[in-house]
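Colleague: Quick one: structure below, then a few questions.
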Amino acid sequence: MTHPLSRRARDLRHGVLTLGSKTPNTPGRIVRQVVAGGLAGAVRGKVVLVTGASSGIGEATAIRLGAAGATVVLVARSEDALQQVAARIAEAGGTADVRPCDLTDLDAVGVLAEVVLAEHGAVDVLVNNAGRSIRRSIADSYDRMHDFERTMQINYYGPVKLTLGLLPAMRAQGRGQIVNVLSEGLLLQTPKFAAYLASKSALDSFSRCVANEVRGDGVRVTGVHMPLVRTPMIAPTAAYERVPALRPEEAADLICEGIVTRAFAVTAREGLALQLARSIAPGTLEAGISLVTRRLGATGRPAPAGTDVSGERRIPAAR
């Protein structure tokens, strides 16, 4: 049994190490949260669809939303896992609707949108959270075009198909929100994640173009630049074992903040610093990243045949 003081000490250390992965308490952020009445004021009585809701960030977010009074539509591949999440939401007095779906199957995604609209009339908030990450150097990707196709399928085509299916009802009712769980890596252009970050960038660009067209209809688009989170997605990457990372519940805080404030983007302190550095001295930042990457031996020649260079995790149903 862990001693309470040891647990508090670990929590304090975790809080200090992940301070940069939290959003700053700016006056504007605080005012928006107060005006919205907190998470309950933003989602009580509303329908919120969360993809990748069977574990990790999606599960933590769904539970938070259910406790705040939302009807949470849970989407992932595993119906059994979703039922367990739904049971936890129900035990806390919330309401959940389980909708298993493989988001790489675009026909199935189309059917999902139709069924959800038939049942609920409209979705007030769509959280595009499900994703797939692949960590592989470009030198080891020359003959792996399928890596780029697979990340686009789950990280871009799936969310786009679902957005296209649910957006008309949002516009018709005069309100709605699309929350895209992106990556802080978009602000850094992290080496070895070209396939993953390209797909996330595509989703962000699509959504930003759409946002300009639907804002007048009361629909907002929020991008969450998610920092590193301790979930199954990063498990294959040994380099992350000792790197500070948020807990899924803390990641859910960032998503819920985006829902409450309906902000253009939710970006942690370290992400804001990266944005500033890139705007002031983009070439210097790129040179620095390149130097560090080479020092760590991350840009070498392709690995010998048979060597595991992947660090890949396929999680189209649970982020």
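A note on labels: chains of the structure tokens are A, B, ... as shown, every chain counts residues from 1, and ligands are counted from 1 in their shown order.
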Any chance you could list, as JSON, numbers by chain, the residues in range 15-191 of chain A that come up strand (DSSP E or B) when DSSP is run on the backbone?
Modeller: {"A": [47, 48, 49, 50, 51, 53, 71, 72, 73, 74, 75, 76, 95, 96, 97, 98, 99, 100, 125, 126, 127, 128, 133, 134, 176, 177, 178, 179, 180, 181]}
Colleague: Just the residues within 8 Å of range 252-266 of chain A, please, counting only C-alpha atoms, with nothing from its chain fewer than 5 positions along; format it as a list in words.
Modeller: Lys22, Thr23, Arg29, Arg32, Gln33, Ala36, Gly38, Leu39, Ala42, Ile57, Gly58, Ala60, Thr61, Arg64, Leu65, Val125, Gln177, Val179, Val181, Arg220, Val221, Thr222, Gly223, Val224, His225 and Met226 of chain A
Colleague: Give me, as a list in words, all polymer residues having an atom no more than 10 Å from Glu91 in chain A, counting only C-alpha atoms and skipping those fewer than 5 positions away in the same chain.
Modeller: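 The residues satisfying every condition are Ala67, Val85 and Ala86 of chain A.
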Colleague: Just the number, please: distance in Å from CA of Arg99 in chain A to CA of Met170 in chain A, one decimal.
Modeller: 19.6 Å
Colleague: Could you check which of A:Glu241, A:Glu184, A:Asp217, A:Glu250 is closest to Ala273 in chain A, using only C-alpha atoms?
Modeller: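 Ranking A:Glu241, A:Glu184, A:Asp217, A:Glu250 by distance to Ala273 in chain A, first place goes to A:Glu184.
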